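Source file: data-v1.txt. Holds: compact mmCIF, C-alpha atoms and all ligand atoms.
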```txt
# COMPACT_ATOMS: atom_id res chain seq x y z
CA MET A 1004 6.97 -10.78 23.98
CA LEU A 1005 4.61 -9.02 21.58
CA HIS A 1006 3.56 -6.73 24.40
CA ALA A 1007 7.19 -5.94 25.25
CA TRP A 1008 8.01 -5.11 21.64
CA ASN A 1009 4.98 -2.91 21.39
CA GLY A 1010 5.98 -1.18 24.62
CA TRP A 1011 9.45 -0.36 23.32
CA ILE A 1012 8.06 0.92 20.06
CA VAL A 1013 5.74 3.27 21.95
CA VAL A 1014 8.64 4.48 24.11
CA ALA A 1015 10.74 5.21 21.01
CA LEU A 1016 7.85 7.05 19.36
CA ALA A 1017 7.06 9.03 22.50
CA VAL A 1018 10.65 10.19 22.99
CA THR A 1019 11.24 11.13 19.34
CA GLY A 1020 7.75 12.62 19.03
CA LEU A 1021 8.15 14.85 22.08
CA ILE A 1022 11.53 16.05 20.77
CA LEU A 1023 9.92 16.95 17.43
CA LEU A 1024 7.15 18.81 19.22
CA GLY A 1025 9.42 20.72 21.60
CA GLY A 1026 10.44 24.13 20.26
CA PHE A 1027 13.46 23.96 22.53
CA TRP A 1028 15.13 21.30 20.35
CA ARG A 1029 14.84 23.17 17.03
CA GLY A 1030 18.02 25.19 17.25
CA LEU A 1031 19.87 22.67 19.39
CA LEU A 1032 19.50 19.62 17.16
CA GLY A 1033 19.69 21.18 13.71
CA GLU A 1034 20.19 18.38 11.24
CA GLY A 1035 19.56 15.83 13.98
CA ARG A 1036 15.95 16.95 13.98
CA VAL A 1037 15.49 15.74 10.42
CA TRP A 1038 17.03 12.38 11.42
CA ILE A 1039 14.74 12.11 14.40
CA LYS A 1040 11.80 12.79 12.13
CA TRP A 1041 12.93 9.88 9.96
CA ILE A 1042 13.34 7.54 12.91
CA HIS A 1043 9.93 8.57 14.20
CA THR A 1044 8.35 7.91 10.80
CA VAL A 1045 10.02 4.53 10.25
CA VAL A 1046 9.35 3.25 13.77
CA GLY A 1047 5.80 4.57 13.49
CA LEU A 1048 5.22 2.62 10.29
CA GLY A 1049 6.84 -0.38 11.97
CA SER A 1050 4.31 -0.18 14.79
CA LEU A 1051 1.84 -1.76 12.41
CA VAL A 1052 3.73 -5.08 12.59
CA PRO A 1053 2.94 -5.96 16.24
CA VAL A 1054 -0.62 -4.69 15.74
CA ILE A 1055 -1.21 -7.04 12.82
CA TYR A 1056 0.46 -9.91 14.65
CA TYR A 1057 -1.71 -9.21 17.68
CA LEU A 1058 -4.89 -9.09 15.59
CA LEU A 1059 -4.08 -12.61 14.37
CA LEU A 1060 -4.02 -13.76 17.99
CA ALA A 1061 -6.76 -11.46 19.21
CA GLY A 1062 -9.51 -14.07 19.33
CA LYS A 1063 -7.61 -16.20 21.80
CA HIS A 1064 -6.61 -13.24 23.92
CA TRP A 1065 -10.17 -11.96 23.97
CA LYS A 1066 -11.37 -15.24 25.52
CA GLN A 1067 -8.69 -15.04 28.16
CA LEU A 1068 -10.05 -11.64 29.09
CA ARG A 1069 -13.53 -12.93 29.79
CA GLY A 1070 -14.88 -11.28 32.93
CA LYS A 1071 -12.18 -8.59 32.82
CA PRO A 1072 -13.93 -5.58 31.31
CA TRP A 1073 -11.16 -3.14 32.16
CA GLN A 1074 -8.57 -5.22 30.45
CA ARG A 1075 -10.82 -5.53 27.43
CA PHE A 1076 -11.28 -1.77 27.46
CA ASN A 1077 -7.52 -1.39 27.63
CA VAL A 1078 -7.05 -3.54 24.54
CA PHE A 1079 -9.49 -1.33 22.65
CA ALA A 1080 -7.91 1.87 23.91
CA VAL A 1081 -4.41 0.80 22.93
CA LEU A 1082 -5.47 -0.43 19.50
CA ALA A 1083 -7.42 2.77 18.85
CA LEU A 1084 -4.41 4.85 19.90
CA LEU A 1085 -1.94 2.93 17.76
CA LEU A 1086 -4.14 2.93 14.68
CA GLY A 1087 -5.10 6.59 15.14
CA TRP A 1088 -1.47 7.61 15.52
CA LEU A 1089 -0.54 5.50 12.53
CA ALA A 1090 -3.25 6.85 10.21
CA SER A 1091 -2.64 10.49 11.13
CA GLY A 1092 1.10 9.86 11.03
CA VAL A 1093 0.93 8.55 7.47
CA LEU A 1094 -0.89 11.74 6.42
CA LEU A 1095 1.77 13.88 8.13
CA TRP A 1096 4.55 11.85 6.52
CA GLN A 1097 2.88 12.28 3.10
CA PHE A 1098 2.07 15.96 3.67
CA LYS A 1099 2.99 16.94 0.13
CA ALA A 1100 0.80 14.31 -1.46
CA VAL A 1101 -2.25 14.95 0.72
CA GLY A 1102 -1.96 18.74 0.91
CA PRO A 1103 -2.14 21.15 3.83
CA GLN A 1104 -5.81 20.67 4.68
CA TRP A 1105 -5.34 16.98 5.43
CA SER A 1106 -2.04 17.36 7.21
CA ASN A 1107 -3.49 20.13 9.34
CA ALA A 1108 -6.34 17.86 10.47
CA ALA A 1109 -3.92 14.96 10.91
CA LEU A 1110 -1.67 17.04 13.16
CA THR A 1111 -4.61 17.92 15.40
CA VAL A 1112 -5.54 14.24 15.70
CA HIS A 1113 -1.90 13.19 16.23
CA ASP A 1114 -1.50 15.76 19.02
CA LEU A 1115 -4.83 14.96 20.64
CA LEU A 1116 -4.05 11.23 20.75
CA THR A 1117 -0.67 12.07 22.24
CA TRP A 1118 -2.13 14.18 25.03
CA ILE A 1119 -4.66 11.48 25.87
CA GLY A 1120 -2.63 8.41 25.02
CA LEU A 1121 0.71 9.19 26.54
CA PRO A 1122 -0.55 9.77 30.10
CA TYR A 1123 -2.79 6.73 29.68
CA ILE A 1124 0.09 4.52 28.63
CA ILE A 1125 2.42 5.81 31.34
CA TYR A 1126 -0.28 5.19 33.96
CA HIS A 1127 -0.92 1.76 32.48
CA SER A 1128 2.76 0.80 32.53
CA ILE A 1129 3.37 1.94 36.07
CA THR A 1130 0.32 0.24 37.53
CA ARG A 1131 0.78 -2.94 35.54
CA THR A 1132 4.42 -3.47 36.47
CA GLN A 1133 3.12 -4.02 39.97
CA TRP A 1134 0.97 -6.84 38.62
CA LEU A 1135 4.07 -8.69 37.56
CA LYS A 1136 4.69 -9.36 41.22
CA GLU A 1137 1.22 -10.87 41.59
CA PRO A 1138 0.94 -13.89 39.30
CA ASN A 1139 -2.77 -14.31 39.95
CA ARG A 1140 -3.52 -11.02 38.20
CA ARG A 1141 -1.59 -11.80 35.06
CA THR A 1142 -3.72 -12.62 32.09
CA VAL A 1143 -1.63 -15.04 30.14
CA SER A 1144 -0.90 -18.09 32.20
CA SER A 1145 -1.98 -21.69 32.49
CA GLY A 1146 -5.04 -23.17 34.15
CA ARG A 1147 -3.53 -22.36 37.51
CA GLN A 1148 -4.85 -18.86 37.00
CA SER A 1149 -8.51 -19.78 36.80
CA ALA A 1150 -8.06 -21.71 39.99
CA SER A 1151 -6.67 -18.72 41.80
CA ASN A 1152 -9.38 -16.58 40.24
CA ASP A 1153 -11.94 -18.81 41.85
CA LEU A 1154 -10.29 -18.26 45.19
CA HIS A 1155 -10.12 -14.51 44.72
CA PRO A 1156 -13.03 -13.60 42.45
CA ALA A 1157 -12.11 -10.61 40.29
CA ALA A 1158 -15.53 -9.17 40.93
CA MET A 1159 -14.79 -8.66 44.61
CA PRO A 1160 -14.54 -4.88 45.05
CA GLU A 1161 -11.43 -3.52 46.67
CA PRO A 1162 -11.90 -1.31 49.68
CA PHE A 1163 -11.63 2.31 48.57
CA TYR A 1164 -8.57 3.25 50.52
CA THR A 1165 -5.87 0.66 50.01
CA ARG A 1166 -2.21 0.97 49.30
CA ARG A 1167 -2.92 0.22 45.65
CA THR A 1168 -5.58 2.86 45.14
CA PHE A 1169 -3.30 5.32 46.91
CA ILE A 1170 -0.38 4.55 44.61
CA ARG A 1171 -2.59 4.76 41.52
CA GLY A 1172 -4.10 7.99 42.68
CA SER A 1173 -0.66 9.51 43.24
CA ILE A 1174 0.53 8.44 39.82
CA ALA A 1175 -2.54 9.92 38.16
CA ALA A 1176 -2.18 13.18 40.10
CA GLY A 1177 1.54 13.39 39.30
CA LEU A 1178 0.88 12.91 35.60
CA ALA A 1179 -1.89 15.50 35.66
CA VAL A 1180 0.47 18.05 37.21
CA LEU A 1181 3.27 17.24 34.76
CA ILE A 1182 1.26 17.06 31.56
CA GLY A 1183 -1.82 19.11 32.41
CA PRO A 1184 -0.46 22.58 31.64
CA SER A 1185 0.95 21.67 28.22
CA PHE A 1186 -2.25 19.84 27.41
CA LEU A 1187 -4.34 22.88 28.27
CA ARG A 1188 -2.07 25.08 26.21
CA TRP A 1189 -2.46 22.75 23.25
CA LEU A 1190 -6.22 22.57 23.75
CA GLY A 1191 -6.45 26.34 23.92
CA GLN A 1192 -4.53 26.64 20.65
CA SER A 1193 -6.58 24.01 18.89
CA ILE A 1194 -9.98 25.38 19.77
CA GLY A 1195 -8.68 28.88 19.18
CA SER A 1196 -9.31 30.18 22.66
CA SER A 1197 -6.66 31.98 24.61
CA ILE A 1198 -6.30 29.86 27.76
CA GLY A 1199 -2.57 29.94 28.08
CA GLY A 1200 -2.09 29.50 24.32
CA ASN A 1201 -0.17 31.62 21.82
CA SER A 1202 -3.26 33.39 20.72
CA LEU A 1203 -2.40 36.30 18.47
CA GLU A 1204 -3.40 38.70 21.24
CA LYS A 1205 -0.90 37.06 23.60
CA LEU A 1206 1.87 37.21 21.01
CA ILE A 1207 1.11 40.85 20.34
CA GLU A 1208 1.07 41.57 24.07
CA ASN A 1209 4.48 39.91 24.42
CA ASP A 1210 6.00 41.91 21.57
CA SER A 1211 9.53 42.79 22.64
CA ASN A 1212 10.24 45.12 19.71
CA HIS A 1213 10.22 48.88 20.25
CA MET A 1214 9.94 50.43 16.83
CA VAL A 1215 8.72 54.03 16.61
CA PRO A 1216 6.63 55.17 14.95
CA ALA A 1217 4.32 52.17 14.69
CA PRO A 1218 3.27 51.51 11.09
CA GLN A 1219 -0.25 52.74 10.32
CA PRO A 1220 -2.44 50.14 8.56
CA LEU A 1221 -3.94 50.76 5.14
CA ALA A 1222 -7.72 50.62 4.84
CA ALA A 1223 -7.52 47.09 3.40
CA SER A 1224 -5.66 45.92 6.50
CA SER A 1225 -7.89 47.37 9.15
CA PRO A 1226 -10.32 45.74 9.32
CA PRO A 1227 -8.40 42.98 7.49
CA ILE A 1228 -9.90 42.23 4.08
CA GLY A 1229 -9.17 38.54 4.71
CA GLY A 1230 -11.62 38.70 7.61
CA GLY A 1231 -8.92 37.86 10.16
CA SER A 1232 -6.65 34.81 10.13
CA THR A 1233 -7.84 31.41 11.31
CA GLY A 1234 -5.57 28.82 12.93
CA GLN A 1235 -2.65 29.27 15.27
CA PHE A 1236 0.96 30.02 14.46
CA ARG A 1237 3.41 27.83 16.31
CA VAL A 1238 6.35 30.01 17.19
CA TYR A 1239 9.39 28.43 15.55
CA THR A 1240 12.90 29.73 15.98
CA VAL A 1241 16.39 28.26 15.97
CA THR A 1242 17.78 31.08 18.14
CA PRO A 1243 16.47 33.02 21.11
CA ILE A 1244 13.81 35.50 19.91
CA PRO A 1245 15.70 38.71 19.00
CA SER A 1246 14.38 42.17 19.97
CA PHE A 1247 14.74 45.30 17.88
CA ASP A 1248 14.41 49.04 18.29
CA ASN A 1249 15.20 52.00 16.04
CA ASN A 1250 18.88 51.89 17.02
CA ASN A 1251 19.69 48.26 16.23
CA TRP A 1252 17.46 47.80 13.19
CA SER A 1253 18.07 48.67 9.55
CA PHE A 1254 17.19 47.11 6.23
CA THR A 1255 19.76 46.54 3.49
CA VAL A 1256 19.61 45.47 -0.16
CA ASP A 1257 23.07 44.75 -1.57
CA GLY A 1258 25.15 42.32 -3.62
CA LEU A 1259 24.73 42.33 -7.40
CA VAL A 1260 22.61 45.50 -7.60
CA GLU A 1261 23.05 48.80 -9.42
CA LYS A 1262 22.25 50.77 -6.32
CA LYS A 1263 22.80 49.53 -2.80
CA LEU A 1264 19.87 50.44 -0.55
CA ARG A 1265 19.74 50.94 3.17
CA TRP A 1266 16.81 52.17 5.25
CA THR A 1267 16.42 53.07 8.89
CA TRP A 1268 13.08 52.26 10.47
CA ASP A 1269 11.81 55.85 10.04
CA GLN A 1270 12.50 55.62 6.32
CA PHE A 1271 11.28 52.07 5.97
CA VAL A 1272 7.79 52.66 7.46
CA LYS A 1273 7.27 55.41 4.89
CA LEU A 1274 7.70 53.05 1.92
CA LYS A 1275 4.52 52.38 -0.02
CA ARG A 1276 2.90 49.13 1.07
CA THR A 1277 0.30 46.80 -0.44
CA VAL A 1278 -2.06 44.27 1.12
CA GLN A 1279 -2.47 40.58 0.31
CA VAL A 1280 -4.47 37.71 1.75
CA SER A 1281 -2.69 34.35 1.82
CA ASP A 1282 -2.42 31.03 3.62
CA PHE A 1283 0.64 29.99 5.58
CA HIS A 1284 1.72 26.33 5.69
CA CYS A 1285 4.45 24.65 7.72
CA VAL A 1286 5.87 21.27 6.67
CA THR A 1287 5.14 19.90 10.15
CA GLY A 1288 1.44 20.00 9.31
CA TRP A 1289 -0.06 23.20 10.70
CA SER A 1290 -1.50 26.04 8.64
CA VAL A 1291 -2.85 29.50 9.29
CA TYR A 1292 -5.47 30.58 6.77
CA HIS A 1293 -6.58 33.96 5.40
CA ASN A 1294 -3.73 36.05 6.74
CA THR A 1295 -3.99 39.68 5.71
CA TRP A 1296 -0.37 40.74 5.27
CA GLU A 1297 0.65 44.31 4.54
CA GLY A 1298 4.11 45.11 3.24
CA ILE A 1299 6.35 45.90 0.32
CA PRO A 1300 6.35 43.54 -2.66
CA LEU A 1301 9.81 42.05 -3.12
CA ARG A 1302 9.65 42.98 -6.82
CA THR A 1303 9.21 46.66 -6.00
CA ILE A 1304 12.36 46.65 -3.91
CA LEU A 1305 14.33 44.69 -6.51
CA ALA A 1306 13.23 47.16 -9.19
CA GLU A 1307 14.34 50.08 -7.07
CA ALA A 1308 17.76 48.54 -6.42
CA GLY A 1309 18.24 47.50 -10.05
CA VAL A 1310 19.26 43.85 -10.41
CA LYS A 1311 22.50 43.24 -12.32
CA ALA A 1312 22.51 40.71 -15.14
CA GLU A 1313 24.87 38.32 -13.27
CA ALA A 1314 22.45 38.02 -10.36
CA LYS A 1315 20.55 34.73 -10.36
CA TYR A 1316 19.48 34.24 -6.76
CA ILE A 1317 18.19 36.28 -3.84
CA LYS A 1318 19.55 35.51 -0.40
CA PHE A 1319 17.59 36.54 2.68
CA TYR A 1320 19.24 37.18 6.05
CA SER A 1321 17.51 37.09 9.41
CA GLY A 1322 18.43 39.57 12.13
CA ASP A 1323 18.86 36.56 14.43
CA GLY A 1324 22.27 36.22 12.76
CA VAL A 1325 21.77 32.56 11.91
CA TYR A 1326 18.77 31.86 9.71
CA THR A 1327 18.97 32.40 5.95
CA ASP A 1328 17.17 31.22 2.86
CA ALA A 1329 17.11 31.93 -0.86
CA LEU A 1330 14.83 32.11 -3.88
CA SER A 1331 15.82 32.19 -7.51
CA LEU A 1332 15.23 35.44 -9.36
CA GLU A 1333 13.38 33.50 -12.00
CA GLN A 1334 10.92 32.19 -9.40
CA VAL A 1335 10.28 35.64 -8.07
CA GLN A 1336 10.04 37.42 -11.40
CA GLU A 1337 8.12 34.82 -13.39
CA GLN A 1338 6.12 32.71 -10.97
CA MET A 1339 5.58 34.57 -7.74
CA SER A 1340 4.46 38.16 -7.81
CA ASP A 1341 3.14 37.79 -4.27
CA VAL A 1342 6.41 37.48 -2.33
CA LEU A 1343 6.07 40.15 0.32
CA ILE A 1344 8.34 41.92 2.76
CA ALA A 1345 5.68 42.05 5.42
CA VAL A 1346 5.35 44.67 8.14
CA MET A 1347 1.80 44.06 9.36
CA HIS A 1348 -0.46 41.08 9.96
CA ASP A 1349 -4.23 41.51 10.18
CA GLY A 1350 -3.78 45.26 10.59
CA LYS A 1351 -1.26 45.08 13.46
CA PRO A 1352 2.54 45.26 13.57
CA ILE A 1353 4.00 41.73 13.35
CA PRO A 1354 5.00 40.79 16.92
CA SER A 1355 8.58 39.74 17.66
CA ASP A 1356 7.61 36.08 18.17
CA LEU A 1357 6.23 35.93 14.62
CA GLY A 1358 9.28 37.57 13.03
CA GLY A 1359 8.50 41.29 13.40
CA PRO A 1360 9.20 44.09 12.76
CA VAL A 1361 9.71 42.74 9.21
CA ARG A 1362 9.47 39.21 7.86
CA LEU A 1363 9.41 37.61 4.47
CA ILE A 1364 6.18 35.99 3.27
CA VAL A 1365 6.36 33.46 0.43
CA PRO A 1366 2.75 32.22 0.12
CA ALA A 1367 3.38 29.65 -2.63
CA MET A 1368 6.04 27.85 -0.62
CA TYR A 1369 6.28 26.12 2.74
CA ALA A 1370 6.95 28.51 5.57
CA TYR A 1371 10.62 27.70 6.07
CA LYS A 1372 11.14 30.10 3.15
CA SER A 1373 9.40 32.88 5.10
CA VAL A 1374 12.45 34.24 6.93
CA LYS A 1375 11.61 35.95 10.23
CA TRP A 1376 13.30 39.17 11.39
CA LEU A 1377 14.35 39.92 7.81
CA VAL A 1378 17.07 42.60 7.73
CA ARG A 1379 19.05 42.04 4.55
CA ILE A 1380 18.52 40.98 0.96
CA GLU A 1381 21.58 40.10 -1.11
CA LEU A 1382 21.57 39.45 -4.85
CA ILE A 1383 24.00 36.63 -5.69
CA ALA A 1384 25.15 34.67 -8.72
CA ASP A 1385 25.27 31.14 -7.28
CA ASN A 1386 22.56 29.47 -5.28
CA HIS A 1387 22.64 29.66 -1.52
CA VAL A 1388 21.33 26.67 0.45
CA GLY A 1389 19.14 27.87 3.32
CA TYR A 1390 19.30 26.97 7.01
CA TRP A 1391 16.83 24.08 6.98
CA GLU A 1392 17.72 22.97 3.45
CA GLN A 1393 21.31 22.50 4.68
CA ARG A 1394 19.84 20.29 7.38
CA GLY A 1395 17.77 18.03 5.17
CA TYR A 1396 14.61 19.96 4.24
CA SER A 1397 13.67 19.67 0.59
CA ASN A 1398 15.03 22.28 -1.80
CA ASP A 1399 11.63 22.10 -3.45
CA ALA A 1400 9.44 24.11 -1.09
CA TRP A 1401 6.40 24.58 -3.36
CA VAL A 1402 3.17 23.88 -1.48
N1 LIG A 1501 14.68 33.52 11.41
C1 LIG A 1501 13.90 32.41 11.33
N2 LIG A 1501 12.93 32.38 10.40
C2 LIG A 1501 12.12 31.30 10.30
C3 LIG A 1501 12.32 30.16 11.13
C4 LIG A 1501 13.35 30.23 12.10
O1 LIG A 1501 13.57 29.29 12.88
N3 LIG A 1501 14.13 31.37 12.18
N4 LIG A 1501 11.51 29.05 10.99
C5 LIG A 1501 10.78 28.89 9.72
C6 LIG A 1501 9.75 27.89 9.78
S1 LIG A 1501 10.21 26.27 9.62
C7 LIG A 1501 8.42 28.23 9.90
S2 LIG A 1501 7.19 27.05 9.86
C8 LIG A 1501 7.99 29.62 10.09
C9 LIG A 1501 7.22 29.73 11.38
O2 LIG A 1501 6.75 31.02 11.55
P1 LIG A 1501 6.13 31.47 12.96
O3 LIG A 1501 7.16 31.18 14.01
O4 LIG A 1501 5.85 32.93 12.80
O5 LIG A 1501 4.90 30.66 13.17
O6 LIG A 1501 9.08 30.53 10.13
C10 LIG A 1501 10.17 30.21 9.27
N5 LIG A 1501 11.14 31.29 9.36
MO MO A 1502 8.24 25.02 9.32
```

Rewritten as structure tokens:
Amino acid sequence: MLHAWNGWIVVALAVTGLILLGGFWRGLLGEGRVWIKWIHTVVGLGSLVPVIYYLLLAGKHWKQLRGKPWQRFNVFAVLALLLGWLASGVLLWQFKAVGPQWSNAALTVHDLLTWIGLPYIIYHSITRTQWLKEPNRRTVSSGRQSASNDLHPAAMPEPFYTRRTFIRGSIAAGLAVLIGPSFLRWLGQSIGSSIGGNSLEKLIENDSNHMVPAPQPLAASSPPIGGGSTGQFRVYTVTPIPSFDNNNWSFTVDGLVEKKLRWTWDQFVKLKRTVQVSDFHCVTGWSVYHNTWEGIPLRTILAEAGVKAEAKYIKFYSGDGVYTDALSLEQVQEQMSDVLIAVMHDGKPIPSDLGGPVRLIVPAMYAYKSVKWLVRIELIADNHVGYWEQRGYSNDAWV
């Protein structure tokens, strides 16, 4: 019964975990995503209960597994997986307390265990359900089992080509085909190589924006004074990735301002830019370090537009037509001089996947504040609750 409970817990964690990982579900689920994250966290913490209960009984079980090295190995593998997932999961759950460095490492471990553990557990479940039909192979039974073991010694090797090895081989091959490509993509991203991953080069190659002229980098951007970013961006979007060209792109500053501003791309690329180096942190655990961003400080633009006294908040609109977020004027004017309307990353135009041609960068806050495909800034009197904040993300986004 303990095994069955544990099995169902793993199924629940696998399903919710894969939904959280899949970019496809971001826009579709909305608020549901935050709920699923909660379910995943609570069930994950709950997975400790059967583990502890098992450990109390482990001595007895271990004896029953005498002479069955593979089953003993399996016990180790499953315990290592569950405890590894749990420990890294706790760090991801407590990302604010432990900070981005720890959650970044925890996410890598959590993912790695998933790519190894999930195929392992699926293989294990499929092959072992066949055992249920063969009582002599089941571990937990009465003395009858040792009798049958004497008749069919476990040590007797099976011939290589039997129905069973064929079925196992097919299951393993099927899983490799299903999971292999995503695993390789993940591996490529983690070790920073470009096999199938979203390496920066790939994202730049796939840029679907057609803005002319291309912005020319300042000396501090090329080569990037930050030395080039480290880590991989995961491309997050709640809509299909929009594409822009000179005809469908413009940049507006309006609302409670003295002077409404509107630029076409030709005008916008001529604005004076500055360069900053900053880290980029997502609440789901990943970070990209030492980004060299080039763009226009938000303060410069606000000064040019002239903020009216009634204005208290700044609302940011994405050109995807859906995503928005806001900062308070006080935050921007007193605490964060580094909020940037970014046009270039590491000396290159920001590719469409990463929010180009123009995205917001708020280094002191988690990246859900960094609105991609930024096209409009509106000064408002009452706070606006952003896309993810409406769906359960914390209003407090300070890293
Ligand atoms: N328009 C838009 N901006 C967005 C998002 C989005 O879904 N749409 N996701 C936010 C979140 S949660 C993160 S972590 C970062 C991800 O940036 P990246 O896709 O360039 O890695 O963008 C932020 N800005
Ligand atoms: Mo995020």

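Reported to one decimal place, the separation of CA of Gly1322 (chain A) from CA of Ala1222 (chain A) is 29.3 Å.
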
- request: Collect all residues with atoms no farther than 6 Å from ligand MO 1502 (chain A), counting all atoms listed in the file, and output them as a PyMOL selection string.
  value: chain A and resi 1285-1286+1370-1371

Ligand LIG 1501 (chain A): which residues are within 8 Å, counting all atoms listed in the file, as a JSON list (two decimals) with C-alpha atoms, keeping the file's coordinate frame?
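Contents of pocket-v6.json, as written:
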```json
[["chain", "number", "residue", "atom", "x", "y", "z"],
["A", 1029, "ARG", "CA", 14.84, 23.17, 17.03],
["A", 1030, "GLY", "CA", 18.02, 25.19, 17.25],
["A", 1235, "GLN", "CA", -2.65, 29.27, 15.27],
["A", 1236, "PHE", "CA", 0.96, 30.02, 14.46],
["A", 1237, "ARG", "CA", 3.41, 27.83, 16.31],
["A", 1238, "VAL", "CA", 6.35, 30.01, 17.19],
["A", 1239, "TYR", "CA", 9.39, 28.43, 15.55],
["A", 1240, "THR", "CA", 12.90, 29.73, 15.98],
["A", 1241, "VAL", "CA", 16.39, 28.26, 15.97],
["A", 1242, "THR", "CA", 17.78, 31.08, 18.14],
["A", 1284, "HIS", "CA", 1.72, 26.33, 5.69],
["A", 1285, "CYS", "CA", 4.45, 24.65, 7.72],
["A", 1286, "VAL", "CA", 5.87, 21.27, 6.67],
["A", 1287, "THR", "CA", 5.14, 19.90, 10.15],
["A", 1320, "TYR", "CA", 19.24, 37.18, 6.05],
["A", 1321, "SER", "CA", 17.51, 37.09, 9.41],
["A", 1322, "GLY", "CA", 18.43, 39.57, 12.13],
["A", 1323, "ASP", "CA", 18.86, 36.56, 14.43],
["A", 1325, "VAL", "CA", 21.77, 32.56, 11.91],
["A", 1326, "TYR", "CA", 18.77, 31.86, 9.71],
["A", 1327, "THR", "CA", 18.97, 32.40, 5.95],
["A", 1356, "ASP", "CA", 7.61, 36.08, 18.17],
["A", 1357, "LEU", "CA", 6.23, 35.93, 14.62],
["A", 1358, "GLY", "CA", 9.28, 37.57, 13.03],
["A", 1369, "TYR", "CA", 6.28, 26.12, 2.74],
["A", 1370, "ALA", "CA", 6.95, 28.51, 5.57],
["A", 1371, "TYR", "CA", 10.62, 27.70, 6.07],
["A", 1372, "LYS", "CA", 11.14, 30.10, 3.15],
["A", 1373, "SER", "CA", 9.40, 32.88, 5.10],
["A", 1374, "VAL", "CA", 12.45, 34.24, 6.93],
["A", 1375, "LYS", "CA", 11.61, 35.95, 10.23],
["A", 1376, "TRP", "CA", 13.30, 39.17, 11.39],
["A", 1377, "LEU", "CA", 14.35, 39.92, 7.81],
["A", 1391, "TRP", "CA", 16.83, 24.08, 6.98]]
```

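The nearest approach to Arg1171 (chain A) among the residues A:Ile1207, A:Ile1125, A:Ala1384, A:Leu1301, with all atoms listed in the file taken into account, belongs to A:Ile1125.
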
- request: Find, counting all atoms listed in the file, the residue in A:Gly1230, A:Pro1220, A:Arg1265, A:Arg1394 that gets nearest to Met1347 (chain A).
  value: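 Nearest candidate to Met1347 (chain A) out of A:Gly1230, A:Pro1220, A:Arg1265, A:Arg1394: A:Pro1220.
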
Straight-line distance linking CA of Val1037 (chain A) with CA of Asn1398 (chain A), stated in Å to one decimal: 13.9 Å

- prompt: Which of these residues is nearest to Leu1203 (chain A), using all atoms listed in the file: A:Ala1176, A:Ala1090, A:Ile1353, A:Ala1083?
  reply: A:Ile1353

- prompt: Do you have the CA of Ala1179 (chain A)-CA of Tyr1123 (chain A) distance handy?
  reply: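 Computed distance, CA of Ala1179 (chain A) to CA of Tyr1123 (chain A), equals 10.7 Å.
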
Which centre and edge lengths in Å to one decimal define the box along x, y and z that fits every listed atom of region 1183-1189 of chain A plus 3 Å per side, as JSON?
```
{"center_x": -1.7, "center_y": 22.1, "center_z": 27.8, "size_x": 11.3, "size_y": 12.0, "size_z": 15.2}
```

What lies within 12 Å of Val1046 (chain A) using only C-alpha atoms, ignoring chain neighbours under 5 positions off, as a PDB file with C-alpha atoms, in the frame of the given file?
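For reference, out39.pdb as written:
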```
ATOM      1  CA  TRP A1008       8.010  -5.110  21.640  1.00  0.00           C
ATOM      2  CA  ASN A1009       4.980  -2.910  21.390  1.00  0.00           C
ATOM      3  CA  TRP A1011       9.450  -0.360  23.320  1.00  0.00           C
ATOM      4  CA  ILE A1012       8.060   0.920  20.060  1.00  0.00           C
ATOM      5  CA  VAL A1013       5.740   3.270  21.950  1.00  0.00           C
ATOM      6  CA  VAL A1014       8.640   4.480  24.110  1.00  0.00           C
ATOM      7  CA  ALA A1015      10.740   5.210  21.010  1.00  0.00           C
ATOM      8  CA  LEU A1016       7.850   7.050  19.360  1.00  0.00           C
ATOM      9  CA  ALA A1017       7.060   9.030  22.500  1.00  0.00           C
ATOM     10  CA  VAL A1018      10.650  10.190  22.990  1.00  0.00           C
ATOM     11  CA  THR A1019      11.240  11.130  19.340  1.00  0.00           C
ATOM     12  CA  GLY A1020       7.750  12.620  19.030  1.00  0.00           C
ATOM     13  CA  ILE A1039      14.740  12.110  14.400  1.00  0.00           C
ATOM     14  CA  LYS A1040      11.800  12.790  12.130  1.00  0.00           C
ATOM     15  CA  TRP A1041      12.930   9.880   9.960  1.00  0.00           C
ATOM     16  CA  LEU A1051       1.840  -1.760  12.410  1.00  0.00           C
ATOM     17  CA  VAL A1052       3.730  -5.080  12.590  1.00  0.00           C
ATOM     18  CA  PRO A1053       2.940  -5.960  16.240  1.00  0.00           C
ATOM     19  CA  LEU A1085      -1.940   2.930  17.760  1.00  0.00           C
ATOM     20  CA  TRP A1088      -1.470   7.610  15.520  1.00  0.00           C
ATOM     21  CA  LEU A1089      -0.540   5.500  12.530  1.00  0.00           C
ATOM     22  CA  GLY A1092       1.100   9.860  11.030  1.00  0.00           C
ATOM     23  CA  VAL A1093       0.930   8.550   7.470  1.00  0.00           C
TER      24      VAL A1093
END
```

- request: Using all atoms listed in the file, pick whichever of A:Lys1071, A:His1387, A:Lys1351, A:Lys1273 has the shortest atom-to-atom distance to Gly1231 (chain A).
  value: A:Lys1351

task: Write out as JSON, numbers by chain which residues come within 12 Å of Ile1304 (chain A) when counting only C-alpha atoms, dropping same-chain ones fewer than 4 positions away.
output: {"A": [1254, 1255, 1256, 1257, 1260, 1262, 1263, 1264, 1265, 1266, 1271, 1274, 1275, 1276, 1298, 1299, 1300, 1308, 1309, 1310, 1317, 1335, 1342, 1343, 1344, 1379, 1380, 1381, 1382]}
